[in-house]
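Here's start_11.csv, which has CSV, C-alpha atoms:
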```csv
chain,number,residue,atom,x,y,z
A,1,MET,CA,63.4,77.8,84.1
A,2,LYS,CA,63.8,78.9,87.6
A,3,GLN,CA,63.9,82.5,88.7
A,4,ALA,CA,67.6,82.2,89.8
A,5,GLU,CA,68.7,80.9,86.4
A,6,PHE,CA,66.8,83.7,84.7
A,7,LEU,CA,68.4,86.3,86.9
A,8,ASN,CA,71.8,84.8,86.2
A,9,ILE,CA,71.2,85.2,82.5
A,10,ILE,CA,69.9,88.8,82.6
A,11,LEU,CA,72.0,90.3,85.4
A,12,PRO,CA,75.1,90.9,83.2
A,13,PHE,CA,73.3,93.0,80.7
A,14,LYS,CA,70.3,94.6,82.5
A,15,ASP,CA,72.3,97.8,83.0
A,16,LYS,CA,73.1,97.9,79.3
A,17,LEU,CA,69.4,97.7,78.5
A,18,TYR,CA,68.8,100.5,80.9
A,19,ARG,CA,71.5,102.7,79.5
A,20,LEU,CA,70.3,102.2,76.0
A,21,ALA,CA,66.8,103.0,77.0
A,22,LYS,CA,68.0,106.1,78.8
A,23,ARG,CA,69.9,107.3,75.8
A,24,LEU,CA,66.8,107.0,73.6
A,25,LEU,CA,64.0,108.1,75.9
A,26,VAL,CA,63.6,111.3,77.8
A,27,SER,CA,63.6,110.6,81.4
A,28,ASN,CA,65.1,108.1,83.9
A,29,GLU,CA,61.6,106.9,84.9
A,30,GLU,CA,60.8,106.1,81.3
A,31,ALA,CA,64.0,104.3,80.8
A,32,GLU,CA,63.3,102.2,84.0
A,33,ASP,CA,59.9,101.4,82.8
A,34,ALA,CA,61.2,100.3,79.4
A,35,THR,CA,63.8,98.1,81.0
A,36,GLN,CA,61.3,96.5,83.3
A,37,GLU,CA,58.9,96.0,80.3
A,38,VAL,CA,61.7,94.3,78.3
A,39,LEU,CA,62.7,92.1,81.3
A,40,LEU,CA,59.1,91.1,81.8
A,41,LYS,CA,58.7,90.2,78.2
A,42,LEU,CA,61.9,88.1,78.4
A,43,TRP,CA,60.6,86.4,81.6
A,44,SER,CA,57.3,85.5,79.9
A,45,LYS,CA,59.3,84.0,77.0
A,46,LYS,CA,61.6,82.1,79.4
A,47,THR,CA,60.8,78.7,77.9
A,48,LYS,CA,62.3,79.8,74.6
A,49,ILE,CA,65.2,81.7,76.0
A,50,GLU,CA,67.6,78.8,75.5
A,51,ALA,CA,66.8,78.7,71.8
A,52,TYR,CA,68.3,82.2,71.3
A,53,ASN,CA,72.0,81.9,70.7
A,54,ASN,CA,72.6,85.5,71.9
A,55,VAL,CA,70.2,86.5,74.6
A,56,GLU,CA,72.0,89.8,75.2
A,57,ALA,CA,71.7,90.9,71.5
A,58,PHE,CA,68.1,89.8,71.5
A,59,ALA,CA,67.3,91.8,74.6
A,60,MET,CA,69.1,94.8,73.2
A,61,THR,CA,67.1,94.6,70.0
A,62,MET,CA,63.9,94.3,72.1
A,63,THR,CA,64.9,97.4,74.1
A,64,LYS,CA,65.7,99.4,71.0
A,65,ASN,CA,62.4,98.5,69.3
A,66,TYR,CA,60.5,99.2,72.5
A,67,CYS,CA,62.1,102.6,72.8
A,68,LEU,CA,61.6,103.5,69.2
A,69,ASP,CA,57.9,102.5,69.5
A,70,LYS,CA,57.6,104.6,72.6
A,71,LEU,CA,59.1,107.6,70.8
A,72,LYS,CA,56.7,107.2,68.0
A,73,SER,CA,53.7,106.8,70.2
A,74,LYS,CA,51.6,109.8,71.4
A,75,GLN,CA,52.6,109.2,75.0
A,76,ALA,CA,56.2,110.0,74.2
A,77,SER,CA,55.3,113.2,72.4
A,78,ASN,CA,53.3,114.3,75.3
A,79,LEU,CA,56.2,113.7,77.6
A,80,LYS,CA,58.5,115.4,75.2
A,81,LEU,CA,56.4,118.5,75.5
A,82,VAL,CA,56.7,118.5,79.2
A,83,HIS,CA,60.4,117.9,78.9
A,84,SER,CA,61.0,120.8,76.5
A,85,ASN,CA,59.2,123.0,78.9
A,86,TYR,CA,61.6,121.9,81.5
A,87,LYS,CA,64.5,122.5,79.2
A,88,ASP,CA,63.4,126.1,78.6
A,89,GLU,CA,66.4,128.3,78.4
A,90,HIS,CA,65.8,130.4,81.5
A,91,THR,CA,69.3,131.1,82.3
A,92,SER,CA,69.3,130.5,86.0
A,93,LEU,CA,72.5,130.5,87.8
A,94,GLN,CA,72.5,126.8,88.1
A,95,LYS,CA,72.0,126.4,84.4
A,96,GLU,CA,74.9,128.7,83.7
A,97,VAL,CA,77.1,126.7,85.9
A,98,GLU,CA,75.9,123.6,84.3
A,99,LEU,CA,76.6,124.9,80.8
A,100,LYS,CA,80.1,125.6,81.7
A,101,ASP,CA,80.5,122.0,82.4
A,102,SER,CA,81.8,120.5,79.2
A,103,VAL,CA,80.6,117.0,80.0
A,104,SER,CA,77.0,118.1,80.1
A,105,ILE,CA,77.6,119.9,76.8
A,106,VAL,CA,78.6,116.5,75.4
A,107,HIS,CA,75.4,115.1,76.8
A,108,GLN,CA,73.4,117.8,75.1
A,109,ILE,CA,75.1,117.1,71.8
A,110,LEU,CA,74.4,113.4,72.1
A,111,GLU,CA,70.8,114.2,72.6
A,112,GLN,CA,70.7,116.0,69.3
A,113,LEU,CA,71.8,113.0,67.3
A,114,PRO,CA,69.2,111.0,65.4
A,115,ALA,CA,68.0,107.8,67.1
A,116,GLN,CA,70.0,105.4,65.0
A,117,GLN,CA,73.3,107.2,65.6
A,118,LYS,CA,72.4,107.5,69.3
A,119,ILE,CA,72.0,103.7,69.5
A,120,ILE,CA,75.2,103.0,67.6
A,121,ILE,CA,77.3,105.5,69.7
A,122,GLN,CA,75.8,104.1,72.8
A,123,LEU,CA,76.6,100.5,71.8
A,124,ARG,CA,80.1,101.3,70.6
A,125,ASP,CA,81.5,104.0,72.9
A,126,VAL,CA,79.7,103.1,76.1
A,127,GLU,CA,79.1,99.4,75.9
A,128,GLN,CA,82.1,98.7,73.6
A,129,TYR,CA,80.4,96.2,71.3
A,130,ASP,CA,82.1,95.2,68.2
A,131,PHE,CA,80.6,95.8,64.8
A,132,GLU,CA,79.1,92.3,64.5
A,133,GLU,CA,77.3,92.6,67.8
A,134,ILE,CA,76.0,96.1,66.9
A,135,ALA,CA,74.8,94.7,63.5
A,136,LYS,CA,72.7,92.1,65.3
A,137,VAL,CA,71.0,94.8,67.3
A,138,VAL,CA,70.4,97.5,64.7
A,139,ASN,CA,70.0,95.2,61.7
A,140,MET,CA,72.5,97.1,59.5
A,141,ASN,CA,75.6,95.9,57.8
A,142,PRO,CA,78.9,96.7,59.4
A,143,THR,CA,80.0,99.2,56.8
A,144,ALA,CA,76.9,101.2,57.2
A,145,ILE,CA,77.4,101.1,61.0
A,146,ARG,CA,81.0,102.3,60.6
A,147,VAL,CA,79.8,105.2,58.4
A,148,ALA,CA,77.1,106.2,60.9
A,149,LEU,CA,79.4,105.9,63.8
A,150,SER,CA,82.1,108.0,62.2
A,151,ARG,CA,79.4,110.6,61.3
A,152,ALA,CA,78.1,110.7,64.8
A,153,ARG,CA,81.6,111.1,66.4
A,154,LYS,CA,82.5,113.8,64.0
A,155,TYR,CA,79.3,115.6,64.7
A,156,VAL,CA,80.0,115.5,68.4
A,157,ARG,CA,83.5,116.8,67.8
A,158,GLU,CA,82.3,119.6,65.6
A,159,GLU,CA,79.6,120.7,68.0
A,160,LEU,CA,82.1,120.5,70.9
A,161,ILE,CA,84.6,122.7,69.0
A,162,LYS,CA,81.8,125.1,68.1
A,163,LYS,CA,80.8,125.4,71.8
A,164,HIS,CA,84.4,125.8,72.8
A,165,ASN,CA,85.1,128.6,70.3
A,166,TYR,CA,81.8,130.3,71.0
A,167,GLY,CA,82.4,134.0,71.3
A,168,VAL,CA,86.1,133.5,70.6
A,169,SER,CA,86.3,133.2,66.8
B,1,MET,CA,101.5,106.0,75.4
B,2,GLU,CA,103.2,108.6,73.3
B,3,LEU,CA,101.4,111.5,71.9
B,4,ALA,CA,101.8,110.7,68.2
B,5,ASN,CA,100.2,107.4,68.7
B,6,ILE,CA,97.3,108.9,70.5
B,7,GLU,CA,96.8,111.4,67.7
B,8,LYS,CA,96.9,108.7,65.1
B,9,LEU,CA,94.3,106.7,67.1
B,10,LEU,CA,92.1,109.8,67.4
B,11,ASP,CA,92.1,110.2,63.6
B,12,LYS,CA,91.2,106.6,63.2
B,13,TYR,CA,88.6,107.0,66.0
B,14,PHE,CA,86.8,109.7,64.1
B,15,GLU,CA,86.8,107.5,60.9
B,16,ALA,CA,85.4,104.7,63.1
B,17,THR,CA,88.2,102.4,62.1
B,18,THR,CA,89.6,101.8,65.5
B,19,THR,CA,89.2,98.5,67.3
B,20,VAL,CA,87.5,98.2,70.6
B,21,GLN,CA,90.9,97.8,72.3
B,22,GLU,CA,92.3,100.9,70.7
B,23,GLU,CA,89.2,102.8,71.8
B,24,GLN,CA,89.8,101.5,75.3
B,25,GLU,CA,93.4,102.9,75.1
B,26,LEU,CA,92.0,106.3,74.1
B,27,GLN,CA,89.5,106.2,77.0
B,28,LEU,CA,92.3,105.3,79.4
B,29,TYR,CA,94.5,108.1,78.1
B,30,PHE,CA,91.7,110.7,78.4
B,31,SER,CA,90.7,109.5,81.9
B,32,GLN,CA,94.2,110.4,83.3
B,33,PRO,CA,94.9,114.0,84.4
B,34,ASN,CA,97.8,115.0,82.2
B,35,VAL,CA,96.2,115.2,78.7
B,36,ALA,CA,98.1,117.2,76.1
B,37,PRO,CA,96.7,120.8,75.9
B,38,HIS,CA,95.7,120.6,72.2
B,39,LEU,CA,93.8,117.4,72.8
B,40,GLN,CA,91.9,118.6,75.9
B,41,GLU,CA,88.9,119.5,73.9
B,42,TYR,CA,88.2,115.8,73.3
B,43,GLN,CA,88.5,115.0,77.0
B,44,PRO,CA,84.9,115.8,77.9
B,45,MET,CA,83.7,113.4,75.2
B,46,PHE,CA,85.5,110.5,76.5
B,47,GLN,CA,84.8,111.5,80.1
B,48,HIS,CA,81.1,111.5,79.3
B,49,PHE,CA,81.3,108.0,77.8
B,50,ALA,CA,83.1,106.8,80.9
B,51,ASN,CA,80.4,108.4,83.0
B,52,LEU,CA,77.7,106.8,81.0
B,53,GLN,CA,79.2,103.4,81.6
B,54,GLY,CA,78.7,103.9,85.3
B,55,GLU,CA,74.9,104.1,85.0
B,56,GLN,CA,73.1,101.3,86.6
B,57,TYR,CA,69.6,99.9,86.6
B,58,THR,CA,68.7,100.3,90.3
B,59,LYS,CA,65.2,99.1,90.3
B,60,ASN,CA,64.5,95.5,91.3
B,61,VAL,CA,64.0,93.0,88.6
B,62,PRO,CA,60.3,92.1,88.8
B,63,LEU,CA,60.5,88.4,89.5
B,64,GLN,CA,56.9,87.3,89.3
B,65,PRO,CA,55.5,89.2,86.4
B,66,ARG,CA,51.8,89.9,86.1
B,67,LYS,CA,50.0,86.6,86.0
B,68,ASN,CA,47.6,85.8,83.2
B,69,TYR,CA,44.7,87.6,84.7
B,70,LEU,CA,43.1,88.0,81.3
B,71,LYS,CA,42.5,84.2,81.1
B,72,TRP,CA,40.7,84.1,84.4
B,73,ILE,CA,38.8,87.2,83.6
B,74,SER,CA,37.5,85.7,80.4
B,75,VAL,CA,36.5,82.5,82.2
B,76,ALA,CA,34.6,84.6,84.8
B,77,ALA,CA,33.0,86.6,82.1
B,78,VAL,CA,31.8,83.5,80.3
B,79,PHE,CA,30.4,82.2,83.5
B,80,VAL,CA,28.6,85.4,84.3
B,81,PHE,CA,27.2,85.5,80.8
B,82,MET,CA,26.0,82.0,80.8
B,83,SER,CA,24.4,82.3,84.2
B,84,ALA,CA,22.7,85.6,83.1
B,85,ILE,CA,21.3,83.8,80.1
B,86,GLY,CA,20.2,80.9,82.2
B,87,ILE,CA,18.4,83.1,84.8
B,88,THR,CA,16.6,85.1,82.1
B,89,TYR,CA,15.6,81.9,80.4
B,90,HIS,CA,14.4,80.4,83.6
B,91,GLN,CA,12.4,83.5,84.4
B,92,ASP,CA,10.9,83.4,81.0
B,93,ALA,CA,9.7,79.9,81.5
B,94,GLN,CA,8.3,80.8,84.9
B,95,ASP,CA,6.5,83.8,83.4
B,96,ARG,CA,5.0,81.7,80.7
B,97,ALA,CA,3.7,79.1,83.2
B,98,ALA,CA,2.2,81.9,85.3
B,99,ALA,CA,0.6,83.4,82.2
B,100,GLU,CA,-0.9,80.1,81.2
B,101,LEU,CA,-2.3,79.5,84.6
B,102,ALA,CA,-3.9,83.0,84.5
B,103,TYR,CA,-5.3,82.3,81.1
B,104,LEU,CA,-6.9,79.1,82.2
B,105,GLN,CA,-8.4,80.7,85.3
B,106,PHE,CA,-9.8,83.5,83.2
B,107,LYS,CA,-11.2,81.0,80.6
B,108,GLU,CA,-12.9,79.1,83.4
B,109,SER,CA,-14.4,82.2,84.9
B,110,MET,CA,-15.5,83.4,81.5
B,111,THR,CA,-17.2,80.1,80.7
B,112,LEU,CA,-19.0,80.4,84.1
B,113,VAL,CA,-20.1,83.9,83.1
B,114,SER,CA,-21.3,82.8,79.7
B,115,GLN,CA,-23.2,79.8,81.2
B,116,SER,CA,-25.1,82.0,83.6
B,117,PHE,CA,-25.6,84.5,80.9
B,118,ASN,CA,-27.1,81.8,78.7
B,119,THR,CA,-29.5,80.7,81.4
B,120,GLY,CA,-30.6,84.3,81.8
B,121,ALA,CA,-31.0,84.7,78.0
B,122,SER,CA,-33.2,81.6,77.8
B,123,ARG,CA,-35.7,83.3,80.2
B,124,ILE,CA,-35.8,86.2,77.9
B,125,ASN,CA,-37.0,84.0,75.1
B,126,HIS,CA,-40.5,84.1,76.7
B,127,LEU,CA,-40.8,87.7,75.7
B,128,THR,CA,-41.0,86.8,72.0
B,129,GLU,CA,-44.2,85.1,72.8
B,130,PHE,CA,-45.5,88.3,74.1
B,131,SER,CA,-44.6,90.2,71.1
B,132,ASP,CA,-46.1,87.6,68.8
B,133,THR,CA,-49.5,87.7,70.6
B,134,THR,CA,-49.6,91.5,70.6
B,135,THR,CA,-48.6,92.5,67.1
B,136,ASN,CA,-51.6,91.1,65.5
B,137,LYS,CA,-54.0,92.9,67.9
B,138,ILE,CA,-53.4,96.2,66.4
B,139,PHE,CA,-55.8,97.4,63.8
B,140,ILE,CA,-55.4,100.2,61.3
B,141,THR,CA,-58.5,102.3,60.9
B,142,GLU,CA,-59.0,104.7,58.1
B,143,ASN,CA,-60.1,108.0,59.3
B,144,ASN,CA,-61.6,110.0,56.5
```
Written as structure tokens, how would this file's structure read?
Amino acid sequence: MKQAEFLNIILPFKDKLYRLAKRLLVSNEEAEDATQEVLLKLWSKKTKIEAYNNVEAFAMTMTKNYCLDKLKSKQASNLKLVHSNYKDEHTSLQKEVELKDSVSIVHQILEQLPAQQKIIIQLRDVEQYDFEEIAKVVNMNPTAIRVALSRARKYVREELIKKHNYGVS
Amino acid sequence: MELANIEKLLDKYFEATTTVQEEQELQLYFSQPNVAPHLQEYQPMFQHFANLQGEQYTKNVPLQPRKNYLKWISVAAVFVFMSAIGITYHQDAQDRAAAELAYLQFKESMTLVSQSFNTGASRINHLTEFSDTTTNKIFITENN
């Protein structure tokens, strides 16, 4: 396989890989590294790439597994420590302004979701996969995915309402 | 899109029974400015998803991935290893040859020494004659 052909295959979904990695990992840099790693792995397996009937789902699964491994590994926990330092609730002016921004609140709520729900909500609400496609990536049956998705969405809604009503009720 | 429909879709959305198309309709509705007041609290959620869709992987795709250096490193390592063994073996053989030569030289010189020693020793044999002739010449005298 030539480089150009390979690029044509991966170009449509490389952003999706990156966004999934970004949802699961802590920083942009980490997500970029993860994406690059996955693309390199795909490139090294380029001879077999035609054998996969759905390269995108395969790549998404690879990204998911890679990120979950990263999260489990010691490296990630170190990074997490750094990150939680950074997230320390020193209420600077900028932070307060940011907190007023409801969109960033949604982002924080999404961060609180367990990894599985994060993946599902990312695949469904951002990438707009249907349940069969999600099933291929997360290896769950569609009913379980539907339940998890509903739970995740309701959690976001409840937290959002909680934040909205904070200090009011 | 009338409001009742949107509300129905929202309920279905939170039960996760909406289709992808219906969810797109919802996103479209929440992306426009005039959202019904009681639904506005859902707006940031959809807005955020819309924002996330815009994220792109900006880094270049690494075209030529790392080559299989490991293979060549192992070949080089084997070569170094073998040549190290060869050199030590060769040195060993050289050392042995040198030691053998030294041993022969030493043996030669030692035989030379022992030969000259033996000729010297044969001269000493005459002394026994002297001792033989003198021992019998001593007489013991009783002195009482």
Residue with smallest distance to A:Lys45 - pool A:Asp101, A:Glu30, A:Ile109, A:Phe58, counting all atoms listed in the file:
A:Phe58
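Each of A:Ile105, A:Val26, A:Val156, A:Val55 was checked against A:Leu39 using all atoms listed in the file; the smallest atom-to-atom distance is that of A:Val55.
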Contact set, chain A to chain B: 9 Å, all atoms listed in the file, as a PDB file with C-alpha atoms, keeping the file's coordinate frame:
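Output contents, as saved in part.pdb:
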```pdb
ATOM      1  CA  GLN A   3      63.900  82.500  88.700  1.00  0.00           C
ATOM      2  CA  LEU A   7      68.400  86.300  86.900  1.00  0.00           C
ATOM      3  CA  LYS A  14      70.300  94.600  82.500  1.00  0.00           C
ATOM      4  CA  ASP A  15      72.300  97.800  83.000  1.00  0.00           C
ATOM      5  CA  LYS A  16      73.100  97.900  79.300  1.00  0.00           C
ATOM      6  CA  LEU A  17      69.400  97.700  78.500  1.00  0.00           C
ATOM      7  CA  TYR A  18      68.800 100.500  80.900  1.00  0.00           C
ATOM      8  CA  ARG A  19      71.500 102.700  79.500  1.00  0.00           C
ATOM      9  CA  GLU A  32      63.300 102.200  84.000  1.00  0.00           C
ATOM     10  CA  THR A  35      63.800  98.100  81.000  1.00  0.00           C
ATOM     11  CA  GLN A  36      61.300  96.500  83.300  1.00  0.00           C
ATOM     12  CA  LEU A  39      62.700  92.100  81.300  1.00  0.00           C
ATOM     13  CA  LEU A  40      59.100  91.100  81.800  1.00  0.00           C
ATOM     14  CA  LYS A  41      58.700  90.200  78.200  1.00  0.00           C
ATOM     15  CA  TRP A  43      60.600  86.400  81.600  1.00  0.00           C
ATOM     16  CA  SER A  44      57.300  85.500  79.900  1.00  0.00           C
ATOM     17  CA  ASP A 101      80.500 122.000  82.400  1.00  0.00           C
ATOM     18  CA  SER A 102      81.800 120.500  79.200  1.00  0.00           C
ATOM     19  CA  VAL A 103      80.600 117.000  80.000  1.00  0.00           C
ATOM     20  CA  SER A 104      77.000 118.100  80.100  1.00  0.00           C
ATOM     21  CA  ILE A 105      77.600 119.900  76.800  1.00  0.00           C
ATOM     22  CA  VAL A 106      78.600 116.500  75.400  1.00  0.00           C
ATOM     23  CA  HIS A 107      75.400 115.100  76.800  1.00  0.00           C
ATOM     24  CA  GLN A 122      75.800 104.100  72.800  1.00  0.00           C
ATOM     25  CA  ARG A 124      80.100 101.300  70.600  1.00  0.00           C
ATOM     26  CA  ASP A 125      81.500 104.000  72.900  1.00  0.00           C
ATOM     27  CA  VAL A 126      79.700 103.100  76.100  1.00  0.00           C
ATOM     28  CA  GLU A 127      79.100  99.400  75.900  1.00  0.00           C
ATOM     29  CA  GLN A 128      82.100  98.700  73.600  1.00  0.00           C
ATOM     30  CA  TYR A 129      80.400  96.200  71.300  1.00  0.00           C
ATOM     31  CA  ASP A 130      82.100  95.200  68.200  1.00  0.00           C
ATOM     32  CA  ARG A 146      81.000 102.300  60.600  1.00  0.00           C
ATOM     33  CA  VAL A 147      79.800 105.200  58.400  1.00  0.00           C
ATOM     34  CA  ALA A 148      77.100 106.200  60.900  1.00  0.00           C
ATOM     35  CA  LEU A 149      79.400 105.900  63.800  1.00  0.00           C
ATOM     36  CA  SER A 150      82.100 108.000  62.200  1.00  0.00           C
ATOM     37  CA  ARG A 151      79.400 110.600  61.300  1.00  0.00           C
ATOM     38  CA  ALA A 152      78.100 110.700  64.800  1.00  0.00           C
ATOM     39  CA  ARG A 153      81.600 111.100  66.400  1.00  0.00           C
ATOM     40  CA  LYS A 154      82.500 113.800  64.000  1.00  0.00           C
ATOM     41  CA  VAL A 156      80.000 115.500  68.400  1.00  0.00           C
ATOM     42  CA  ARG A 157      83.500 116.800  67.800  1.00  0.00           C
ATOM     43  CA  LEU A 160      82.100 120.500  70.900  1.00  0.00           C
ATOM     44  CA  ILE A 161      84.600 122.700  69.000  1.00  0.00           C
ATOM     45  CA  HIS A 164      84.400 125.800  72.800  1.00  0.00           C
TER      46      HIS A 164
END
```
When you draw a straight line from atom CA of A:Ala31 to atom CA of A:Cys67, how long is it in Å?
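One can read the atom CA of A:Ala31 to atom CA of A:Cys67 distance as 8.4 Å.
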Go ahead and compute the interatomic distance for atom CA of A:Gln117 and atom CA of A:Lys22, in Å to one decimal.
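These atoms are spaced 14.3 Å apart.
Here atom CA of B:Leu10 stands at a distance of 19.3 Å from atom CA of A:Thr143.
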Which of A:Leu42, A:Ile121, A:Ile134, A:Asn141 sits closest to A:Ala57 [using all atoms listed in the file]
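Closest candidate: A:Ile134.
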How would stretch 10-29 of chain A read, as a compact mmCIF listing (two decimals), in the frame of the given file, once N, CA, C and O atoms are built in?
```txt
# COMPACT_ATOMS: atom_id res chain seq x y z
N ILE A 10 70.14 87.39 82.91
CA ILE A 10 69.90 88.80 82.60
C ILE A 10 70.79 89.76 83.38
O ILE A 10 71.01 90.88 82.93
N LEU A 11 71.28 89.33 84.53
CA LEU A 11 72.00 90.30 85.40
C LEU A 11 73.22 90.94 84.62
O LEU A 11 73.43 92.14 84.79
N PRO A 12 73.99 90.20 83.81
CA PRO A 12 75.10 90.90 83.20
C PRO A 12 74.76 92.00 82.24
O PRO A 12 75.58 92.90 82.03
N PHE A 13 73.56 91.96 81.68
CA PHE A 13 73.30 93.00 80.70
C PHE A 13 72.10 93.90 81.01
O PHE A 13 71.72 94.73 80.21
N LYS A 14 71.51 93.74 82.19
CA LYS A 14 70.30 94.60 82.50
C LYS A 14 70.70 96.06 82.53
O LYS A 14 69.92 96.92 82.12
N ASP A 15 71.91 96.36 83.02
CA ASP A 15 72.30 97.80 83.00
C ASP A 15 72.50 98.31 81.63
O ASP A 15 72.21 99.47 81.36
N LYS A 16 72.97 97.45 80.73
CA LYS A 16 73.10 97.90 79.30
C LYS A 16 71.78 98.22 78.72
O LYS A 16 71.67 99.20 77.98
N LEU A 17 70.79 97.40 79.03
CA LEU A 17 69.40 97.70 78.50
C LEU A 17 68.98 99.03 79.03
O LEU A 17 68.44 99.86 78.28
N TYR A 18 69.21 99.24 80.32
CA TYR A 18 68.80 100.50 80.90
C TYR A 18 69.45 101.69 80.31
O TYR A 18 68.83 102.71 80.00
N ARG A 19 70.78 101.56 80.10
CA ARG A 19 71.50 102.70 79.50
C ARG A 19 71.07 102.99 78.11
O ARG A 19 70.95 104.16 77.73
N LEU A 20 70.81 101.93 77.35
CA LEU A 20 70.30 102.20 76.00
C LEU A 20 68.97 102.85 76.00
O LEU A 20 68.74 103.82 75.26
N ALA A 21 68.09 102.38 76.88
CA ALA A 21 66.80 103.00 77.00
C ALA A 21 66.89 104.45 77.43
O ALA A 21 66.19 105.33 76.93
N LYS A 22 67.83 104.70 78.32
CA LYS A 22 68.00 106.10 78.80
C LYS A 22 68.52 106.99 77.72
O LYS A 22 68.16 108.17 77.67
N ARG A 23 69.37 106.45 76.85
CA ARG A 23 69.90 107.30 75.80
C ARG A 23 68.76 107.68 74.82
O ARG A 23 68.73 108.77 74.30
N LEU A 24 67.82 106.76 74.63
CA LEU A 24 66.80 107.00 73.60
C LEU A 24 65.60 107.74 74.15
O LEU A 24 65.00 108.55 73.46
N LEU A 25 65.24 107.47 75.39
CA LEU A 25 64.00 108.10 75.90
C LEU A 25 64.40 109.34 76.71
O LEU A 25 65.57 109.65 76.89
N VAL A 26 63.37 110.04 77.18
CA VAL A 26 63.60 111.30 77.80
C VAL A 26 64.03 111.30 79.24
O VAL A 26 64.92 112.02 79.65
N SER A 27 63.36 110.47 79.99
CA SER A 27 63.60 110.60 81.40
C SER A 27 64.06 109.23 82.03
O SER A 27 63.90 108.17 81.43
N ASN A 28 64.63 109.31 83.21
CA ASN A 28 65.10 108.10 83.90
C ASN A 28 63.91 107.15 84.15
O ASN A 28 64.05 105.94 84.00
N GLU A 29 62.76 107.74 84.54
CA GLU A 29 61.60 106.90 84.90
C GLU A 29 61.17 106.11 83.65
O GLU A 29 60.87 104.91 83.73
```
